[in-house]
>>> print(open('work.txt').read())   # compact mmCIF, C-alpha atoms and all ligand atoms
# COMPACT_ATOMS: atom_id res chain seq x y z
CA MET A 1 -1.61 -9.45 -27.62
CA SER A 2 2.08 -9.06 -26.87
CA THR A 3 3.64 -11.06 -24.04
CA SER A 4 3.79 -8.11 -21.67
CA ASN A 5 0.21 -7.00 -22.40
CA TRP A 6 -1.01 -10.54 -21.92
CA GLU A 7 0.82 -10.84 -18.62
CA ARG A 8 -0.52 -7.50 -17.54
CA GLU A 9 -4.05 -8.72 -18.31
CA VAL A 10 -3.53 -11.90 -16.25
CA MET A 11 -2.19 -9.91 -13.30
CA ARG A 12 -4.99 -7.38 -13.53
CA ARG A 13 -7.66 -10.06 -13.57
CA ALA A 14 -6.05 -11.88 -10.68
CA LEU A 15 -6.10 -8.75 -8.56
CA GLU A 16 -9.34 -7.08 -9.55
CA GLN A 17 -12.73 -7.35 -7.90
CA THR A 18 -14.78 -10.53 -8.43
CA ALA A 19 -18.55 -11.00 -8.35
CA ASP A 20 -18.21 -12.39 -4.80
CA CYS A 21 -16.46 -9.35 -3.41
CA PRO A 22 -18.52 -7.26 -0.98
CA VAL A 23 -18.73 -3.50 -1.53
CA LEU A 24 -16.36 -1.25 0.39
CA ASP A 25 -19.07 -0.20 2.85
CA GLU A 26 -19.49 -3.83 3.91
CA LEU A 27 -15.73 -4.30 4.22
CA THR A 28 -15.33 -1.19 6.35
CA ALA A 29 -18.40 -1.79 8.53
CA GLU A 30 -17.64 -1.72 12.23
CA SER A 31 -19.01 -5.21 12.69
CA ARG A 32 -18.59 -7.25 9.56
CA SER A 33 -20.98 -10.11 8.82
CA VAL A 34 -19.67 -13.66 9.10
CA VAL A 35 -19.88 -14.06 5.33
CA VAL A 36 -17.91 -10.88 4.66
CA GLU A 37 -15.35 -11.80 7.31
CA ALA A 38 -14.81 -15.22 5.74
CA HIS A 39 -14.51 -13.70 2.29
CA LEU A 40 -12.01 -11.14 3.51
CA LYS A 41 -9.76 -13.85 4.91
CA SER A 42 -9.48 -15.54 1.53
CA CYS A 43 -9.54 -12.60 -0.88
CA ALA A 44 -6.37 -10.64 -1.54
CA HIS A 45 -8.32 -8.08 -3.51
CA CYS A 46 -10.55 -7.20 -0.58
CA GLN A 47 -7.63 -7.18 1.87
CA ASN A 48 -5.92 -4.70 -0.43
CA GLU A 49 -9.03 -2.56 -0.77
CA LEU A 50 -9.43 -2.37 2.96
CA ALA A 51 -5.77 -1.53 3.53
CA LEU A 52 -5.80 1.19 0.88
CA PHE A 53 -8.96 2.70 2.25
CA SER A 54 -7.44 2.88 5.72
CA GLU A 55 -4.42 4.50 4.08
CA PHE A 56 -6.79 7.13 2.68
CA SER A 57 -8.80 7.65 5.84
CA THR A 58 -6.18 7.41 8.58
CA ALA A 59 -2.72 7.89 7.03
CA ASP A 60 -0.30 9.86 9.12
CA VAL A 61 0.99 13.08 7.56
CA ARG A 62 4.76 12.68 7.22
CA PRO A 63 6.78 15.63 8.53
CA GLN A 64 8.25 16.45 5.10
CA GLU A 65 4.81 16.72 3.46
CA ALA A 66 2.94 18.58 6.21
CA GLY A 67 3.54 22.03 4.68
CA ASP A 68 2.39 21.00 1.22
CA VAL A 69 -0.70 19.21 2.54
CA SER A 70 -1.83 22.32 4.41
CA TRP A 71 -1.23 24.41 1.31
CA VAL A 72 -3.22 22.06 -0.96
CA ALA A 73 -6.09 21.82 1.55
CA VAL A 74 -6.37 25.58 1.93
CA LYS A 75 -6.16 26.12 -1.86
CA THR A 76 -8.80 23.47 -2.46
CA ALA A 77 -11.11 25.01 0.14
CA GLU A 78 -10.72 28.49 -1.38
CA ARG A 79 -11.38 27.36 -4.93
CA VAL A 80 -14.27 25.03 -4.13
CA LYS A 81 -15.86 27.66 -1.98
CA ALA A 82 -15.50 30.24 -4.75
CA ALA A 83 -16.87 27.89 -7.38
CA LEU A 84 -19.92 26.94 -5.34
CA SER A 85 -20.65 30.29 -3.80
CA PRO A 86 -23.54 32.34 -5.19
CA ALA A 87 -21.91 35.44 -3.69
CA PRO A 88 -18.96 37.23 -5.32
CA TRP A 89 -15.96 34.96 -4.81
CA TRP A 90 -13.82 37.57 -3.03
CA LYS A 91 -16.41 38.13 -0.31
CA THR A 92 -16.41 34.46 0.60
CA ILE A 93 -12.66 34.02 0.59
CA PHE A 94 -12.08 36.85 3.01
CA ALA A 95 -14.88 35.89 5.38
CA PRO A 96 -13.10 35.49 8.77
CA GLN A 97 -15.20 32.54 9.89
CA PHE A 98 -14.12 30.49 6.90
CA VAL A 99 -10.42 31.09 7.46
CA LYS A 100 -10.70 30.05 11.09
CA GLN A 101 -12.45 26.81 10.20
CA ALA A 102 -9.97 25.85 7.51
CA SER A 103 -7.02 26.18 9.82
CA PHE A 104 -8.75 24.39 12.66
CA GLY A 105 -9.56 21.43 10.42
CA MET A 106 -5.93 21.09 9.42
CA ALA A 107 -4.61 21.32 12.96
CA ALA A 108 -7.03 18.64 14.06
CA LEU A 109 -5.93 16.36 11.27
CA LEU A 110 -2.25 16.75 12.05
CA MET A 111 -2.83 15.92 15.71
CA VAL A 112 -5.29 13.07 15.35
CA ALA A 113 -3.47 11.37 12.50
CA SER A 114 -0.27 10.61 14.35
CA GLY A 115 -0.38 7.23 16.00
CA ALA A 116 -3.57 5.99 14.38
CA PHE A 117 -1.75 5.02 11.22
CA TYR A 118 0.46 2.15 12.21
CA ALA A 119 -2.22 0.46 14.30
CA SER A 120 -4.73 0.45 11.45
CA ARG A 121 -2.17 -0.78 8.97
CA THR A 122 -1.08 -3.76 11.01
CA SER A 123 -4.58 -4.78 12.03
CA THR A 124 -5.59 -5.40 8.42
CA GLU A 125 -2.67 -7.65 7.64
CA PRO A 126 -3.01 -11.38 8.04
CA ALA A 127 -0.48 -13.26 10.15
CA PHE A 128 2.74 -14.55 8.61
CA PRO A 129 2.33 -17.41 6.16
CA SER A 130 2.31 -20.73 7.99
CA GLU A 131 5.55 -21.82 6.31
CA THR A 132 7.40 -19.06 8.14
CA PRO A 133 9.42 -20.57 10.98
CA THR A 134 8.61 -19.82 14.58
CA ALA A 135 10.59 -20.01 17.79
CA SER A 136 9.40 -23.59 18.27
CA THR A 137 11.89 -24.77 15.63
CA LEU A 138 14.69 -23.96 18.07
CA ARG A 139 17.25 -26.74 18.47
CA ALA A 140 19.07 -27.77 21.60
CA SER A 141 22.69 -27.13 20.69
CA SER A 142 22.10 -24.32 18.28
CA ILE A 143 23.55 -20.87 17.80
CA GLN A 144 21.44 -18.14 19.41
CA LEU A 145 20.59 -15.25 17.12
CA ILE A 146 20.47 -11.84 18.84
CA GLU A 147 19.45 -9.32 16.19
CA PRO A 148 17.67 -8.38 13.99
CA LEU A 149 14.57 -10.34 15.03
CA GLU A 150 10.87 -9.90 14.28
CA ASP A 151 9.50 -6.39 13.65
CA ILE A 152 12.05 -3.60 13.86
CA ASN A 153 11.78 0.13 13.24
CA SER A 154 14.66 0.82 10.89
CA THR A 155 17.03 -0.99 8.57
CA PRO A 156 19.45 -2.93 10.81
CA SER A 157 23.16 -2.15 10.59
CA SER A 158 24.48 -5.61 11.51
CA PHE A 159 23.70 -9.23 12.28
CA GLN A 160 24.56 -10.33 15.82
CA TRP A 161 24.58 -13.79 17.40
CA GLU A 162 26.02 -15.47 20.45
CA GLU A 163 29.47 -16.98 20.19
CA PHE A 164 29.61 -20.74 19.69
CA THR A 165 32.47 -22.53 21.45
CA ASN A 166 35.24 -24.25 19.50
CA CYS A 167 34.12 -22.82 16.26
CA SER A 168 36.47 -21.44 13.63
CA ASP A 169 34.14 -19.40 11.50
CA TYR A 170 30.49 -18.62 10.82
CA GLN A 171 28.37 -18.37 7.70
CA VAL A 172 25.41 -15.98 7.62
CA ILE A 173 22.65 -16.78 5.14
CA VAL A 174 19.79 -14.44 4.28
CA SER A 175 16.78 -15.56 2.25
CA GLU A 176 13.34 -14.48 1.22
CA VAL A 177 10.30 -16.07 2.87
CA ASP A 178 10.05 -18.59 0.05
CA ARG A 179 13.58 -19.68 1.04
CA MET A 180 15.36 -18.25 -1.96
CA GLN A 181 18.80 -17.27 -0.74
CA ILE A 182 19.64 -13.65 -1.52
CA TRP A 183 22.94 -13.22 0.34
CA SER A 184 25.58 -15.15 2.23
CA SER A 185 28.92 -14.31 3.80
CA ARG A 186 31.49 -15.74 6.22
CA THR A 187 33.21 -14.27 9.28
CA THR A 188 35.27 -15.35 12.26
CA LYS A 189 33.41 -12.97 14.61
CA SER A 190 30.00 -13.33 16.24
CA GLY A 191 28.55 -10.46 14.26
CA MET A 192 28.69 -8.93 10.83
CA PRO A 193 27.87 -5.47 9.47
CA ILE A 194 25.17 -5.53 6.80
CA PRO A 195 26.70 -4.38 3.50
CA GLU A 196 25.00 -1.69 1.40
CA GLN A 197 24.22 -4.21 -1.32
CA LEU A 198 22.10 -6.24 1.10
CA LYS A 199 20.52 -3.17 2.72
CA LYS A 200 19.00 -2.37 -0.66
CA GLN A 201 17.07 -5.63 -0.44
CA VAL A 202 15.78 -4.97 3.06
CA LEU A 203 12.49 -3.39 1.99
CA PRO A 204 10.07 -1.90 4.52
CA GLY A 205 7.17 -4.27 5.21
CA LYS A 206 8.92 -7.25 3.62
CA THR A 207 9.95 -10.21 5.72
CA LEU A 208 13.41 -11.72 5.31
CA LEU A 209 14.82 -14.84 6.97
CA TRP A 210 18.34 -15.38 8.29
CA LYS A 211 20.40 -18.06 9.95
CA VAL A 212 23.97 -18.72 11.00
CA ILE A 213 26.03 -21.90 10.55
CA ALA A 214 29.19 -22.57 12.61
CA TYR A 215 32.17 -24.47 11.17
CA ASP A 216 35.30 -25.90 12.74
CA ALA A 217 38.83 -25.34 11.44
CA ALA A 218 38.50 -28.32 9.09
CA GLY A 219 35.36 -26.79 7.52
CA LYS A 220 33.02 -29.29 9.17
CA GLN A 221 29.63 -27.98 10.21
CA LEU A 222 29.39 -27.76 14.02
CA ALA A 223 26.03 -26.15 14.62
CA GLU A 224 23.26 -24.23 12.97
CA SER A 225 20.98 -21.56 14.35
CA GLU A 226 17.25 -21.66 13.92
CA THR A 227 15.99 -19.63 10.98
CA ARG A 228 14.51 -16.37 12.23
CA LYS A 229 12.58 -13.66 10.47
CA PHE A 230 12.87 -9.89 10.63
CA ARG A 231 10.91 -7.10 9.02
CA VAL A 232 11.44 -3.34 8.97
CA ALA A 233 8.29 -1.34 9.66
CA VAL A 234 6.88 0.69 6.79
CA LYS A 235 7.89 4.38 7.17
CA MET B 1 -23.58 26.48 14.62
CA PRO B 2 -23.03 23.65 17.08
CA ALA B 3 -26.02 21.53 16.04
CA MET B 4 -24.89 21.26 12.44
CA GLU B 5 -21.26 20.60 13.38
CA SER B 6 -22.25 17.55 15.37
CA LEU B 7 -24.17 15.92 12.53
CA SER B 8 -22.65 12.95 10.71
CA ASP B 9 -21.53 13.30 7.07
CA GLU B 10 -24.57 11.37 5.91
CA GLU B 11 -26.98 13.47 8.01
CA LEU B 12 -25.52 16.65 6.54
CA ILE B 13 -26.07 15.36 3.02
CA SER B 14 -29.60 14.29 3.78
CA GLN B 15 -30.43 17.75 5.22
CA PHE B 16 -28.75 19.43 2.27
CA ARG B 17 -30.95 17.50 -0.13
CA GLY B 18 -33.99 18.38 1.96
CA GLN B 19 -33.15 22.04 1.38
CA GLY B 20 -33.25 21.52 -2.37
CA CYS B 21 -29.49 21.39 -2.88
CA GLN B 22 -28.67 25.10 -2.80
CA ALA B 23 -25.19 25.98 -3.84
CA GLY B 24 -23.21 27.51 -1.00
CA ASP B 25 -25.17 25.64 1.64
CA LYS B 26 -23.46 25.80 5.02
CA ARG B 27 -23.84 22.04 5.43
CA ILE B 28 -21.67 21.43 2.40
CA ASP B 29 -18.98 23.71 3.80
CA ILE B 30 -18.97 21.74 7.02
CA LEU B 31 -18.97 18.42 5.20
CA PHE B 32 -16.14 19.36 2.85
CA GLU B 33 -14.01 20.99 5.56
CA ARG B 34 -13.88 17.62 7.27
CA HIS B 35 -12.44 15.97 4.19
CA TYR B 36 -10.19 18.52 2.48
CA PRO B 37 -7.08 17.38 4.40
CA ARG B 38 -7.51 13.68 3.56
CA VAL B 39 -8.15 14.23 -0.13
CA SER B 40 -5.34 16.78 -0.31
CA LEU B 41 -2.92 14.31 1.22
CA TRP B 42 -3.93 11.56 -1.20
CA CYS B 43 -3.65 13.89 -4.22
CA LEU B 44 -0.30 15.18 -3.05
CA ARG B 45 1.07 11.67 -2.73
CA PHE B 46 -0.43 10.68 -6.05
CA THR B 47 0.97 13.62 -8.01
CA GLY B 48 4.09 14.48 -6.01
CA ASN B 49 3.46 18.13 -6.85
CA ARG B 50 1.35 20.56 -4.83
CA ASP B 51 0.03 22.60 -7.78
CA THR B 52 -1.22 19.55 -9.65
CA ALA B 53 -2.52 18.14 -6.36
CA ALA B 54 -4.58 21.30 -5.73
CA ASP B 55 -6.07 21.13 -9.24
CA LEU B 56 -6.95 17.48 -8.78
CA SER B 57 -8.40 17.90 -5.34
CA GLN B 58 -10.53 20.84 -6.47
CA GLU B 59 -11.90 18.75 -9.36
CA ILE B 60 -12.72 15.93 -6.96
CA PHE B 61 -14.79 18.11 -4.63
CA LEU B 62 -16.62 19.84 -7.46
CA ASN B 63 -17.37 16.43 -8.90
CA VAL B 64 -18.62 15.21 -5.53
CA HIS B 65 -20.85 18.27 -5.25
CA LYS B 66 -22.23 17.70 -8.73
CA HIS B 67 -23.17 14.12 -7.92
CA LEU B 68 -24.39 14.54 -4.35
CA ASP B 69 -27.95 13.81 -5.41
CA SER B 70 -26.88 10.37 -6.68
CA PHE B 71 -25.33 9.51 -3.30
CA ARG B 72 -27.23 6.55 -1.85
CA GLY B 73 -28.75 7.33 1.52
CA ASP B 74 -27.59 4.06 3.08
CA ALA B 75 -24.00 4.43 1.89
CA LYS B 76 -21.08 5.91 3.78
CA PHE B 77 -19.79 9.26 2.55
CA SER B 78 -16.14 8.49 3.35
CA THR B 79 -16.03 5.38 1.15
CA TRP B 80 -17.91 7.14 -1.63
CA LEU B 81 -15.50 10.07 -1.53
CA TYR B 82 -12.58 7.66 -1.53
CA THR B 83 -13.90 5.84 -4.61
CA ILE B 84 -14.36 9.12 -6.47
CA THR B 85 -10.87 10.25 -5.42
CA ARG B 86 -9.25 7.08 -6.65
CA ASN B 87 -11.12 7.12 -9.97
CA GLN B 88 -10.38 10.74 -10.61
CA CYS B 89 -6.68 10.24 -9.91
CA ARG B 90 -6.64 7.33 -12.34
CA ASN B 91 -8.43 9.32 -15.05
CA LYS B 92 -6.11 12.24 -14.60
CA TRP B 93 -3.08 10.02 -14.91
CA ARG B 94 -4.45 8.27 -18.01
CA ALA B 95 -5.22 11.60 -19.64
CA THR B 96 -1.61 12.71 -19.29
CA GLN B 97 -0.26 9.40 -20.56
CA ALA B 98 -0.58 8.70 -24.29
CA THR B 99 0.73 5.16 -23.88
CA PRO B 100 0.73 4.18 -20.21
CA GLU B 101 1.67 0.55 -20.86
CA GLU B 102 4.87 1.33 -22.72
CA SER B 103 6.08 3.73 -20.06
CA MET B 104 6.06 0.96 -17.47
CA GLU B 105 7.78 -1.71 -19.56
CA PRO B 106 11.20 -1.68 -17.88
CA ILE B 107 9.94 -3.25 -14.68
CA ILE B 108 9.27 -6.52 -16.48
CA GLU B 109 12.40 -8.53 -15.97
CA ALA B 110 13.49 -10.75 -18.80
CA SER B 111 13.82 -13.77 -16.53
CA ALA B 112 10.27 -13.40 -15.29
CA ALA B 113 8.68 -12.61 -18.63
CA ASP B 114 10.29 -15.50 -20.47
CA SER B 115 9.02 -18.49 -18.57
CA ALA B 116 5.44 -17.68 -17.56
CA PRO B 117 3.77 -17.38 -20.98
CA ASP B 118 5.37 -20.60 -22.28
CA ALA B 119 4.45 -22.55 -19.20
CA TYR B 120 0.82 -21.62 -19.50
CA SER B 121 0.37 -21.14 -23.22
CA LEU B 122 -2.47 -23.69 -23.32
CA LEU B 123 -4.49 -22.14 -20.55
CA GLU B 124 -7.12 -19.54 -21.03
CA THR B 125 -6.31 -16.14 -19.62
CA SER B 126 -9.15 -16.25 -17.12
CA GLU B 127 -8.28 -19.71 -15.83
CA LEU B 128 -4.71 -18.56 -15.46
CA ALA B 129 -5.83 -15.44 -13.63
CA GLY B 130 -7.66 -17.64 -11.12
CA ARG B 131 -4.51 -19.64 -10.48
CA MET B 132 -2.44 -16.48 -10.32
CA LYS B 133 -4.78 -15.13 -7.66
CA GLN B 134 -4.18 -18.21 -5.53
CA LEU B 135 -0.42 -17.96 -6.06
CA MET B 136 -0.47 -14.34 -4.98
CA GLN B 137 -2.40 -15.26 -1.88
CA ASP B 138 0.09 -17.98 -1.01
CA ALA B 139 3.39 -16.46 -2.08
CA LEU B 140 3.15 -12.71 -1.61
CA GLU B 141 3.15 -10.58 1.49
CA PRO B 142 0.43 -7.95 2.02
CA ILE B 143 2.70 -5.08 1.08
CA GLU B 144 3.63 -6.80 -2.19
CA GLN B 145 -0.01 -7.49 -3.03
CA ARG B 146 -0.82 -3.85 -2.38
CA VAL B 147 1.92 -2.63 -4.69
CA MET B 148 0.84 -5.12 -7.39
CA THR B 149 -2.81 -4.00 -7.14
CA LEU B 150 -1.96 -0.33 -7.51
CA HIS B 151 0.35 -1.12 -10.40
CA TYR B 152 -1.79 -3.57 -12.38
CA VAL B 153 -5.37 -2.66 -11.48
CA ASP B 154 -5.12 1.06 -10.77
CA GLU B 155 -2.31 1.44 -13.32
CA MET B 156 -0.75 3.95 -11.00
CA PRO B 157 2.71 5.34 -11.77
CA LEU B 158 5.44 3.73 -9.71
CA GLU B 159 6.48 6.99 -8.03
CA SER B 160 2.88 7.53 -6.88
CA ILE B 161 2.74 4.04 -5.37
CA THR B 162 6.03 4.71 -3.61
CA ARG B 163 4.68 7.91 -2.06
CA LEU B 164 1.22 6.56 -1.22
CA LEU B 165 2.56 3.55 0.62
CA GLY B 166 5.51 5.41 2.16
CA LEU B 167 8.11 3.03 0.70
CA THR B 168 11.44 4.41 1.84
CA ASN B 169 13.87 2.11 0.03
CA ALA B 170 15.96 3.58 -2.80
CA SER B 171 14.05 2.14 -5.77
CA GLY B 172 10.61 2.29 -4.11
CA ALA B 173 7.68 0.34 -5.60
CA LYS B 174 9.73 -1.12 -8.43
CA ALA B 175 11.76 -3.30 -6.06
CA TYR B 176 8.56 -4.82 -4.64
CA ILE B 177 7.24 -5.65 -8.09
CA VAL B 178 10.50 -7.27 -9.12
CA SER B 179 10.61 -9.43 -6.00
CA ALA B 180 6.89 -10.27 -6.21
CA ARG B 181 7.28 -11.41 -9.81
CA ARG B 182 10.20 -13.61 -8.90
CA LYS B 183 8.26 -15.21 -6.04
CA LEU B 184 5.27 -15.82 -8.30
CA ASN B 185 7.44 -17.46 -10.92
CA ALA B 186 9.06 -19.70 -8.33
CA ALA B 187 5.69 -20.59 -6.81
CA ALA B 188 4.23 -21.33 -10.27
CA ALA B 189 7.14 -23.64 -11.06
CA ARG B 190 6.68 -25.46 -7.73
CA SER B 191 2.93 -25.86 -8.16
CA LYS B 192 3.45 -27.47 -11.57
CA GLY B 193 5.77 -29.99 -9.94
CA GLY B 194 8.43 -29.10 -12.48
CA PRO B 195 11.95 -27.91 -11.79
CA ASN B 196 12.40 -24.39 -10.58
CA VAL B 197 13.93 -22.50 -13.48
CA HIS B 198 15.32 -19.79 -11.23
CA LYS B 199 18.42 -20.24 -9.15
ZN ZN C 1 -12.94 -10.02 -2.50
>>> encode(input="work.txt", output="structure tokens", more="lines below")
Ligand SMILES: [Zn+2]
Amino acid sequence: MSTSNWEREVMRRALEQTADCPVLDELTAESRSVVVEAHLKSCAHCQNELALFSEFSTADVRPQEAGDVSWVAVKTAERVKAALSPAPWWKTIFAPQFVKQASFGMAALLMVASGAFYASRTSTEPAFPSETPTASTLRASSIQLIEPLEDINSTPSSFQWEEFTNCSDYQVIVSEVDRMQIWSSRTTKSGMPIPEQLKKQVLPGKTLLWKVIAYDAAGKQLAESETRKFRVAVK
Amino acid sequence: MPAMESLSDEELISQFRGQGCQAGDKRIDILFERHYPRVSLWCLRFTGNRDTAADLSQEIFLNVHKHLDSFRGDAKFSTWLYTITRNQCRNKWRATQATPEESMEPIIEASAADSAPDAYSLLETSELAGRMKQLMQDALEPIEQRVMTLHYVDEMPLESITRLLGLTNASGAKAYIVSARRKLNAAAARSKGGPNVHK
């Protein structure tokens, strides 16, 4: 097996269903058993399955795809109806009752779907990994970060923090949740626009960490902010 | 027909079977009408093209109809339909791809591919998969795990994953796989106690 095929096999096995995994009906049951609940907490495969199923069953129709979805649904209904109908296909397709039902179904979907999506998505995700810092790591004489913090709706345009007295310049450091630094820059102001190059790494649903360090004119470190996380919502 | 409309999916199927599974049964119309939009949306996101999506979605419902008598009475119709939808999408994609593995090669970054096989050359694939599962649990975020599952288990094309999960960044699913692989490599190096080979 070539390296890439072998790796692919390892990844596939790591992510696929195991003998312990409950069936989807058990995962999606309104009240899950204690055993299933415990399994779900520790099994990435089952967490994924549940999240994907809720994507299938409750996903919001995005505005740009609404027209195509209606078209596909109506086409599907017409063709399935024709294929299954014992009557001549053209009689069924032009039956007024059928047309009314097809359009009602679509309207109901478009209305009900909005709103339900984000709630179901977030409820299936576990909390942040425990290594992620929380507000309790705040230090007494530290720099206060203003934005972006926690969950936000769109890609932020800048980093903002409160001015720190007697400081000459600031360093902003951005890292992934496993602390790998992905970007850093210095400024004399208490804010900094986010460059395009960094915006590309701000992926929806992915948490990033940032902090600010203040230096005096001699380059000595004066203060450091806590490390805070931010995450842009998916969609 | 208010009585029939208020029945659950599973009750409709059970009544339909009681009738001897006649084609064109009103119950099937009602049942399918409830699910056309969902399946259409999934197919549209999977294919990115409404004509192909309509073909696929039609095949799914005809397949469902064909196998209704094998539907277990205690199962849920929505999860069954979902499973059939996912499988059919995968089959369709495989049928159009002579060599699916090769077409996805570029996402494997040289830095990631180089170190992992050497580090674990003595371990069996299955043992390694068990450790990889733990690493994924520890190091990856839910969204990254989701992208990895669709890519490696479902073997879904990257553009389909991007559309299904609504990833709005420029490079879509690929960026998540690249960052997930880097995190896994770093986590693997840490768990071995050895030096982290990546800066
Ligand atoms: Zn599981």
>>> atom_distance(input="work.txt", atom1="atom CA of Ile177 of chain B", atom2="atom CA of Gln145 of chain B")
9.0 Å
>>> residues_around(input="work.txt", residues="segment 157-168 of chain B", least_positions_apart="2", cutoff="8 Å", atoms="only C-alpha atoms", output="PyMOL selection string")
(chain A and resi 55+203-204+234-235) or (chain B and resi 42+45-48+104+147+150-151+155+170+172-174)
>>> atom_distance(input="work.txt", atom1="atom CA of Met132 of chain B", atom2="atom CA of Gln17 of chain A")
14.0 Å
>>> closest_residue(input="work.txt", among="A:Gln197, A:Ser142, A:Thr155, A:Asn48", to="ligand ZN 1 (chain C)", atoms="all atoms listed in the file")
A:Asn48
>>> residues_near_ligand(input="work.txt", ligand="ligand ZN 1 (chain C)", cutoff="12 Å", atoms="all atoms listed in the file", output="ChimeraX atom specification")
/A:14-24,26-27,35-50 /B:133,137
>>> axis_aligned_box(input="work.txt", around="segment 26-30 of chain B", padding_each_side="3 Å", output="lines of an AutoDock Vina configuration file")
center_x = -21.4
center_y = 23.6
center_z = 4.7
size_x = 10.9
size_y = 10.4
size_z = 10.6
>>> closest_residue(input="work.txt", among="A:Gly205, A:Pro156, A:Pro148, A:Pro193", to="chain B", atoms="only C-alpha atoms")
A:Gly205
>>> closest_residue(input="work.txt", among="B:Ile143, B:Val178, B:Ile60, B:Leu135", to="chain A", atoms="only C-alpha atoms")
B:Ile143
>>> residues_around(input="work.txt", residues="Phe77 of chain B", least_positions_apart="3", cutoff="7 Å", atoms="all atoms listed in the file", output="count of residues only")
4
>>> residues_around(input="work.txt", residues="segment 70-74 of chain A", least_positions_apart="2", cutoff="9 Å", atoms="all atoms listed in the file", output="ChimeraX atom specification")
/A:65-68,76-79,99,102-103,106 /B:33,36-41,43-44,50-51,53-55,57
>>> closest_residue(input="work.txt", among="B:Thr52, B:Gln15, B:Gln88, B:Ser191", to="chain A", atoms="all atoms listed in the file")
B:Thr52
>>> closest_residue(input="work.txt", among="A:Met192, A:Val61, A:Val177, A:Ile143", to="Lys206 of chain A", atoms="all atoms listed in the file")
A:Val177
>>> atom_distance(input="work.txt", atom1="atom CA of Thr149 of chain B", atom2="atom CA of Leu62 of chain B")
27.6 Å
